[in-house]
file work.txt (compact mmCIF, N, CA and C atoms)
# COMPACT_ATOMS: atom_id res chain seq x y z
N MET I 1 107.99 104.98 150.82
CA MET I 1 107.25 104.04 150.02
C MET I 1 105.99 103.62 150.77
N VAL I 2 104.86 103.63 150.09
CA VAL I 2 103.58 103.26 150.69
C VAL I 2 103.35 101.78 150.48
N GLU I 3 103.06 101.08 151.57
CA GLU I 3 102.81 99.65 151.47
C GLU I 3 101.38 99.41 151.04
N LYS I 4 101.21 98.39 150.21
CA LYS I 4 99.88 97.98 149.78
C LYS I 4 99.21 97.27 150.95
N PRO I 5 97.96 97.63 151.29
CA PRO I 5 97.29 96.98 152.41
C PRO I 5 97.07 95.49 152.11
N GLN I 6 97.21 94.67 153.14
CA GLN I 6 96.98 93.23 152.99
C GLN I 6 95.48 92.96 152.98
N SER I 7 95.07 92.05 152.11
CA SER I 7 93.66 91.66 152.05
C SER I 7 93.34 90.73 153.21
N SER I 8 92.17 90.91 153.81
CA SER I 8 91.75 90.01 154.87
C SER I 8 90.89 88.88 154.32
N ILE I 9 90.69 88.86 153.00
CA ILE I 9 89.91 87.81 152.37
C ILE I 9 90.81 86.61 152.13
N LEU I 10 90.35 85.45 152.56
CA LEU I 10 91.13 84.24 152.37
C LEU I 10 91.15 83.86 150.90
N PRO I 11 92.30 83.42 150.40
CA PRO I 11 92.36 83.01 149.00
C PRO I 11 91.52 81.76 148.77
N MET I 12 90.99 81.64 147.56
CA MET I 12 90.18 80.49 147.18
C MET I 12 90.90 79.78 146.04
N SER I 13 91.06 78.49 146.17
CA SER I 13 91.72 77.72 145.12
C SER I 13 90.76 77.50 143.96
N ALA I 14 91.31 77.05 142.85
CA ALA I 14 90.48 76.74 141.68
C ALA I 14 89.47 75.65 142.01
N ALA I 15 89.90 74.63 142.75
CA ALA I 15 88.98 73.55 143.13
C ALA I 15 87.86 74.06 144.03
N GLU I 16 88.20 74.95 144.97
CA GLU I 16 87.17 75.53 145.84
C GLU I 16 86.20 76.39 145.02
N PHE I 17 86.73 77.11 144.04
CA PHE I 17 85.90 77.94 143.18
C PHE I 17 84.89 77.08 142.43
N ARG I 18 85.37 76.00 141.82
CA ARG I 18 84.47 75.11 141.07
C ARG I 18 83.43 74.48 142.00
N ALA I 19 83.87 74.07 143.19
CA ALA I 19 82.95 73.47 144.15
C ALA I 19 81.89 74.46 144.60
N ARG I 20 82.31 75.70 144.83
CA ARG I 20 81.35 76.73 145.28
C ARG I 20 80.32 77.01 144.20
N LEU I 21 80.75 77.07 142.94
CA LEU I 21 79.79 77.26 141.85
C LEU I 21 78.78 76.12 141.84
N ARG I 22 79.26 74.88 142.00
CA ARG I 22 78.35 73.72 142.04
C ARG I 22 77.37 73.84 143.21
N GLU I 23 77.90 74.21 144.39
CA GLU I 23 77.05 74.38 145.58
C GLU I 23 75.92 75.37 145.30
N LEU I 24 76.27 76.43 144.58
CA LEU I 24 75.30 77.49 144.30
C LEU I 24 74.44 77.19 143.09
N GLY I 25 74.68 76.05 142.42
CA GLY I 25 73.89 75.67 141.26
C GLY I 25 74.13 76.56 140.06
N ARG I 26 75.36 77.04 139.92
CA ARG I 26 75.69 77.94 138.82
C ARG I 26 76.69 77.29 137.88
N THR I 27 76.53 77.59 136.60
CA THR I 27 77.51 77.17 135.61
C THR I 27 78.50 78.31 135.44
N GLN I 28 79.62 78.02 134.79
CA GLN I 28 80.59 79.07 134.52
C GLN I 28 79.98 80.14 133.63
N VAL I 29 79.26 79.73 132.61
CA VAL I 29 78.63 80.69 131.69
C VAL I 29 77.59 81.53 132.43
N GLY I 30 76.76 80.87 133.22
CA GLY I 30 75.74 81.59 133.97
C GLY I 30 76.32 82.56 134.98
N PHE I 31 77.37 82.14 135.67
CA PHE I 31 78.01 83.01 136.65
C PHE I 31 78.64 84.21 135.96
N ALA I 32 79.28 83.98 134.82
CA ALA I 32 79.89 85.09 134.07
C ALA I 32 78.82 86.12 133.69
N GLN I 33 77.68 85.65 133.21
CA GLN I 33 76.60 86.56 132.84
C GLN I 33 76.05 87.28 134.06
N GLU I 34 75.92 86.55 135.14
CA GLU I 34 75.36 87.12 136.37
C GLU I 34 76.20 88.27 136.91
N ILE I 35 77.52 88.15 136.84
CA ILE I 35 78.37 89.20 137.41
C ILE I 35 78.91 90.16 136.36
N GLY I 36 78.52 89.95 135.10
CA GLY I 36 78.95 90.85 134.04
C GLY I 36 80.41 90.67 133.65
N SER I 37 80.89 89.44 133.74
CA SER I 37 82.26 89.13 133.37
C SER I 37 82.26 88.27 132.11
N SER I 38 83.42 88.08 131.56
CA SER I 38 83.52 87.22 130.37
C SER I 38 83.62 85.76 130.80
N HIS I 39 83.15 84.89 129.94
CA HIS I 39 83.26 83.46 130.22
C HIS I 39 84.74 83.08 130.29
N ARG I 40 85.56 83.73 129.51
CA ARG I 40 86.99 83.45 129.51
C ARG I 40 87.61 83.70 130.90
N SER I 41 87.20 84.80 131.54
CA SER I 41 87.71 85.09 132.89
C SER I 41 87.28 84.02 133.88
N VAL I 42 86.00 83.66 133.84
CA VAL I 42 85.49 82.65 134.77
C VAL I 42 86.17 81.31 134.51
N ASN I 43 86.41 81.00 133.25
CA ASN I 43 87.11 79.76 132.91
C ASN I 43 88.53 79.78 133.48
N ARG I 44 89.20 80.92 133.41
CA ARG I 44 90.55 81.05 133.98
C ARG I 44 90.51 80.88 135.49
N TRP I 45 89.50 81.46 136.14
CA TRP I 45 89.38 81.32 137.59
C TRP I 45 89.18 79.86 137.98
N SER I 46 88.49 79.10 137.14
CA SER I 46 88.25 77.69 137.47
C SER I 46 89.51 76.85 137.34
N SER I 47 90.53 77.40 136.67
CA SER I 47 91.80 76.65 136.58
C SER I 47 92.91 77.27 137.42
N GLU I 48 92.81 78.57 137.74
CA GLU I 48 93.86 79.25 138.50
C GLU I 48 93.41 79.78 139.85
N GLY I 49 92.10 79.80 140.09
CA GLY I 49 91.55 80.39 141.31
C GLY I 49 91.10 81.82 141.03
N PRO I 50 90.04 82.26 141.69
CA PRO I 50 89.51 83.59 141.45
C PRO I 50 90.25 84.67 142.22
N PRO I 51 90.09 85.93 141.80
CA PRO I 51 90.66 87.02 142.60
C PRO I 51 89.90 87.12 143.93
N PRO I 52 90.49 87.77 144.92
CA PRO I 52 89.87 87.83 146.25
C PRO I 52 88.45 88.39 146.25
N GLU I 53 88.19 89.40 145.42
CA GLU I 53 86.85 89.98 145.44
C GLU I 53 85.79 89.01 144.91
N VAL I 54 86.15 88.13 143.99
CA VAL I 54 85.21 87.13 143.49
C VAL I 54 85.02 86.04 144.54
N ALA I 55 86.08 85.66 145.24
CA ALA I 55 85.96 84.69 146.33
C ALA I 55 85.01 85.24 147.41
N TYR I 56 85.16 86.52 147.72
CA TYR I 56 84.29 87.15 148.70
C TYR I 56 82.84 87.14 148.21
N LEU I 57 82.64 87.47 146.93
CA LEU I 57 81.29 87.47 146.36
C LEU I 57 80.66 86.08 146.46
N LEU I 58 81.41 85.05 146.14
CA LEU I 58 80.88 83.69 146.23
C LEU I 58 80.54 83.31 147.67
N ASP I 59 81.39 83.70 148.61
CA ASP I 59 81.09 83.45 150.03
C ASP I 59 79.82 84.17 150.44
N LEU I 60 79.68 85.39 149.99
CA LEU I 60 78.48 86.17 150.30
C LEU I 60 77.24 85.53 149.69
N LEU I 61 77.31 85.12 148.44
CA LEU I 61 76.18 84.45 147.79
C LEU I 61 75.80 83.18 148.53
N ALA I 62 76.80 82.40 148.93
CA ALA I 62 76.53 81.16 149.65
C ALA I 62 75.84 81.45 150.98
N THR I 63 76.30 82.49 151.68
CA THR I 63 75.69 82.85 152.96
C THR I 63 74.26 83.31 152.77
N LEU I 64 74.02 84.16 151.79
CA LEU I 64 72.68 84.67 151.56
C LEU I 64 71.73 83.58 151.09
N GLU I 65 72.19 82.74 150.18
CA GLU I 65 71.31 81.70 149.66
C GLU I 65 71.04 80.62 150.69
N LEU I 66 71.91 80.48 151.67
CA LEU I 66 71.68 79.52 152.73
C LEU I 66 70.48 79.93 153.56
N HIS I 67 70.27 81.24 153.72
CA HIS I 67 69.22 81.73 154.61
C HIS I 67 67.99 82.27 153.91
N VAL I 68 68.10 82.72 152.68
CA VAL I 68 66.97 83.34 152.00
C VAL I 68 65.92 82.29 151.70
N GLY I 69 64.67 82.63 152.03
CA GLY I 69 63.55 81.78 151.66
C GLY I 69 63.22 80.67 152.63
N ALA I 70 64.00 80.44 153.62
CA ALA I 70 63.70 79.36 154.57
C ALA I 70 63.91 79.87 155.98
N PRO I 71 62.88 79.79 156.80
CA PRO I 71 63.06 80.20 158.20
C PRO I 71 64.05 79.25 158.87
N PRO I 72 64.83 79.75 159.83
CA PRO I 72 65.85 78.92 160.48
C PRO I 72 65.31 77.60 161.02
N ALA I 73 64.09 77.58 161.54
CA ALA I 73 63.54 76.35 162.10
C ALA I 73 63.32 75.30 161.02
N ALA I 74 63.12 75.73 159.78
CA ALA I 74 62.86 74.78 158.69
C ALA I 74 64.13 74.21 158.08
N MET I 75 65.27 74.80 158.42
CA MET I 75 66.52 74.33 157.82
C MET I 75 67.01 73.08 158.53
N ALA I 76 67.28 72.04 157.77
CA ALA I 76 67.75 70.79 158.34
C ALA I 76 69.19 70.95 158.82
N ARG I 77 69.56 70.17 159.82
CA ARG I 77 70.92 70.23 160.34
C ARG I 77 71.93 69.93 159.25
N GLU I 78 71.62 68.97 158.38
CA GLU I 78 72.54 68.60 157.31
C GLU I 78 72.79 69.77 156.35
N ALA I 79 71.80 70.63 156.16
CA ALA I 79 71.95 71.76 155.26
C ALA I 79 72.98 72.75 155.80
N LEU I 80 73.14 72.79 157.10
CA LEU I 80 74.12 73.68 157.72
C LEU I 80 75.49 73.03 157.88
N ASP I 81 75.50 71.71 158.05
CA ASP I 81 76.76 71.03 158.33
C ASP I 81 77.84 71.30 157.29
N HIS I 82 77.51 71.14 156.03
CA HIS I 82 78.53 71.29 154.98
C HIS I 82 79.12 72.70 154.93
N PRO I 83 78.29 73.76 154.82
CA PRO I 83 78.89 75.11 154.78
C PRO I 83 79.68 75.46 156.03
N VAL I 84 79.22 75.00 157.19
CA VAL I 84 79.93 75.28 158.43
C VAL I 84 81.28 74.57 158.43
N ARG I 85 81.29 73.31 158.03
CA ARG I 85 82.54 72.56 157.98
C ARG I 85 83.52 73.18 156.98
N VAL I 86 83.01 73.60 155.83
CA VAL I 86 83.87 74.22 154.82
C VAL I 86 84.50 75.49 155.39
N GLU I 87 83.70 76.31 156.05
CA GLU I 87 84.22 77.56 156.61
C GLU I 87 85.21 77.30 157.74
N LEU I 88 84.92 76.34 158.59
CA LEU I 88 85.85 76.01 159.67
C LEU I 88 87.16 75.45 159.10
N ASP I 89 87.07 74.63 158.07
CA ASP I 89 88.28 74.11 157.43
C ASP I 89 89.12 75.23 156.85
N ARG I 90 88.46 76.20 156.20
CA ARG I 90 89.19 77.34 155.63
C ARG I 90 89.85 78.16 156.73
N LEU I 91 89.13 78.38 157.83
CA LEU I 91 89.68 79.13 158.95
C LEU I 91 90.88 78.41 159.55
N LEU I 92 90.76 77.10 159.72
CA LEU I 92 91.86 76.34 160.29
C LEU I 92 93.07 76.32 159.37
N ALA I 93 92.84 76.21 158.06
CA ALA I 93 93.95 76.24 157.10
C ALA I 93 94.66 77.58 157.15
N TRP I 94 93.90 78.64 157.22
CA TRP I 94 94.47 79.99 157.31
C TRP I 94 95.28 80.14 158.59
N ALA I 95 94.71 79.68 159.70
CA ALA I 95 95.40 79.78 160.98
C ALA I 95 96.69 78.96 160.96
N THR I 96 96.65 77.82 160.30
CA THR I 96 97.83 76.97 160.20
C THR I 96 98.94 77.68 159.44
N THR I 97 98.59 78.36 158.34
CA THR I 97 99.60 79.07 157.57
C THR I 97 100.21 80.21 158.38
N LEU I 98 99.46 80.75 159.32
CA LEU I 98 99.96 81.83 160.17
C LEU I 98 100.66 81.30 161.42
N GLY I 99 100.67 79.97 161.58
CA GLY I 99 101.28 79.37 162.75
C GLY I 99 100.44 79.52 164.01
N ARG I 100 99.12 79.66 163.84
CA ARG I 100 98.23 79.88 164.98
C ARG I 100 97.16 78.79 165.09
N ARG I 101 97.46 77.60 164.63
CA ARG I 101 96.48 76.51 164.64
C ARG I 101 95.96 76.22 166.05
N THR I 102 96.85 76.02 167.00
CA THR I 102 96.45 75.68 168.37
C THR I 102 95.61 76.79 168.99
N GLU I 103 96.05 78.04 168.82
CA GLU I 103 95.30 79.16 169.38
C GLU I 103 93.91 79.26 168.76
N THR I 104 93.81 79.01 167.46
CA THR I 104 92.52 79.09 166.79
C THR I 104 91.59 78.00 167.29
N LEU I 105 92.11 76.78 167.42
CA LEU I 105 91.29 75.69 167.96
C LEU I 105 90.80 76.01 169.37
N ASP I 106 91.68 76.58 170.19
CA ASP I 106 91.29 76.98 171.55
C ASP I 106 90.21 78.06 171.51
N ASP I 107 90.35 79.02 170.60
CA ASP I 107 89.34 80.08 170.48
C ASP I 107 87.99 79.52 170.06
N VAL I 108 87.99 78.58 169.13
CA VAL I 108 86.73 77.97 168.69
C VAL I 108 86.10 77.19 169.84
N ARG I 109 86.91 76.43 170.58
CA ARG I 109 86.37 75.69 171.73
C ARG I 109 85.76 76.64 172.77
N THR I 110 86.44 77.73 173.04
CA THR I 110 85.93 78.71 174.00
C THR I 110 84.61 79.30 173.52
N TRP I 111 84.59 79.66 172.24
CA TRP I 111 83.36 80.23 171.67
C TRP I 111 82.21 79.24 171.75
N LEU I 112 82.46 77.96 171.40
CA LEU I 112 81.41 76.95 171.47
C LEU I 112 80.90 76.78 172.90
N ALA I 113 81.79 76.81 173.87
CA ALA I 113 81.38 76.69 175.27
C ALA I 113 80.51 77.87 175.68
N GLU I 114 80.89 79.07 175.24
CA GLU I 114 80.09 80.27 175.57
C GLU I 114 78.71 80.20 174.91
N VAL I 115 78.65 79.76 173.68
CA VAL I 115 77.36 79.65 172.98
C VAL I 115 76.49 78.59 173.63
N ALA I 116 77.09 77.49 174.04
CA ALA I 116 76.32 76.41 174.69
C ALA I 116 75.73 76.86 176.01
N ASP I 117 76.39 77.81 176.69
CA ASP I 117 75.89 78.29 177.97
C ASP I 117 74.74 79.28 177.83
N ARG I 118 74.49 79.76 176.65
CA ARG I 118 73.40 80.76 176.48
C ARG I 118 72.05 80.13 176.49
call {"tool": "encode", "arguments": {"input": "work.txt", "output": "structure tokens"}}
result
Amino acid sequence: MVEKPQSSILPMSAAEFRARLRELGRTQVGFAQEIGSSHRSVNRWSSEGPPPEVAYLLDLLATLELHVGAPPAAMAREALDHPVRVELDRLLAWATTLGRRTETLDDVRTWLAEVADR
């Protein structure tokens, strides 16, 4: 029997999906048109959570829109705080479900120390 490969994409809840659409300034209807999906599907995702590939697409859009059109020096610290905190919270939640919360926090601390030394 062949095992189905596990997805490395973190699941996104319905609330996170709705919040991400708001962050990106998109409506459900507009997002459905943008990705070539039905409004009914997007409406279902807003109540049940999107499939992993749509969660990945939203993360990608958020990352690209964060940087497109503004040089890094022009970006205010507050503009970065929210997306960074959201991503760190998602990472910590994932690590917690895997029973690796402490190790993940240690890894983040180590990484921050290394970055600060550069």
call {"tool": "atom_distance", "arguments": {"input": "work.txt", "atom1": "CA of Arg44 in chain I", "atom2": "atom C of Glu87 in chain I"}}
result
24.6 Å
call {"tool": "atom_distance", "arguments": {"input": "work.txt", "atom1": "atom C of Ala19 in chain I", "atom2": "atom N of Thr102 in chain I"}}
result
27.0 Å
call {"tool": "residues_around", "arguments": {"input": "work.txt", "residues": "Trp45 in chain I", "least_positions_apart": "6", "cutoff": "7 Å", "atoms": "only N, CA and C atoms", "output": "ChimeraX atom specification"}}
result
/I:13-14,17-18,51
call {"tool": "atom_distance", "arguments": {"input": "work.txt", "atom1": "CA of Leu60 in chain I", "atom2": "CA of Leu92 in chain I"}}
result
19.4 Å
call {"tool": "axis_aligned_box", "arguments": {"input": "work.txt", "around": "range 10-15 of chain I", "padding_each_side": "4 Å", "output": "lines of an AutoDock Vina configuration file"}}
result
center_x = 90.1
center_y = 79.5
center_z = 147.1
size_x = 12.5
size_y = 19.9
size_z = 18.9
call {"tool": "decode", "arguments": {"input": "work.txt", "residues": "range 85-104 of chain I", "atoms": "C-alpha atoms", "output": "mmCIF file, in the first residue's frame"}}
result
data_model
loop_
_atom_site.group_PDB
_atom_site.id
_atom_site.type_symbol
_atom_site.label_atom_id
_atom_site.label_comp_id
_atom_site.auth_asym_id
_atom_site.auth_seq_id
_atom_site.Cartn_x
_atom_site.Cartn_y
_atom_site.Cartn_z
ATOM 1 C CA ARG I 85 3.491 37.890 14.724
ATOM 2 C CA VAL I 86 0.824 35.976 12.793
ATOM 3 C CA GLU I 87 3.440 33.727 11.208
ATOM 4 C CA LEU I 88 5.260 33.149 14.491
ATOM 5 C CA ASP I 89 1.958 32.316 16.200
ATOM 6 C CA ARG I 90 1.146 29.805 13.453
ATOM 7 C CA LEU I 91 4.612 28.256 13.750
ATOM 8 C CA LEU I 92 4.320 27.995 17.518
ATOM 9 C CA ALA I 93 0.834 26.458 17.295
ATOM 10 C CA TRP I 94 2.117 23.887 14.814
ATOM 11 C CA ALA I 95 5.124 23.102 16.996
ATOM 12 C CA THR I 96 2.839 22.728 20.004
ATOM 13 C CA THR I 97 0.674 20.180 18.191
ATOM 14 C CA LEU I 98 3.840 18.223 17.393
ATOM 15 C CA GLY I 99 5.009 18.434 21.002
ATOM 16 C CA ARG I 100 8.012 20.571 20.034
ATOM 17 C CA ARG I 101 7.065 23.936 21.553
ATOM 18 C CA THR I 102 10.175 24.294 23.745
ATOM 19 C CA GLU I 103 12.550 23.218 20.967
ATOM 20 C CA THR I 104 10.929 25.646 18.523
#
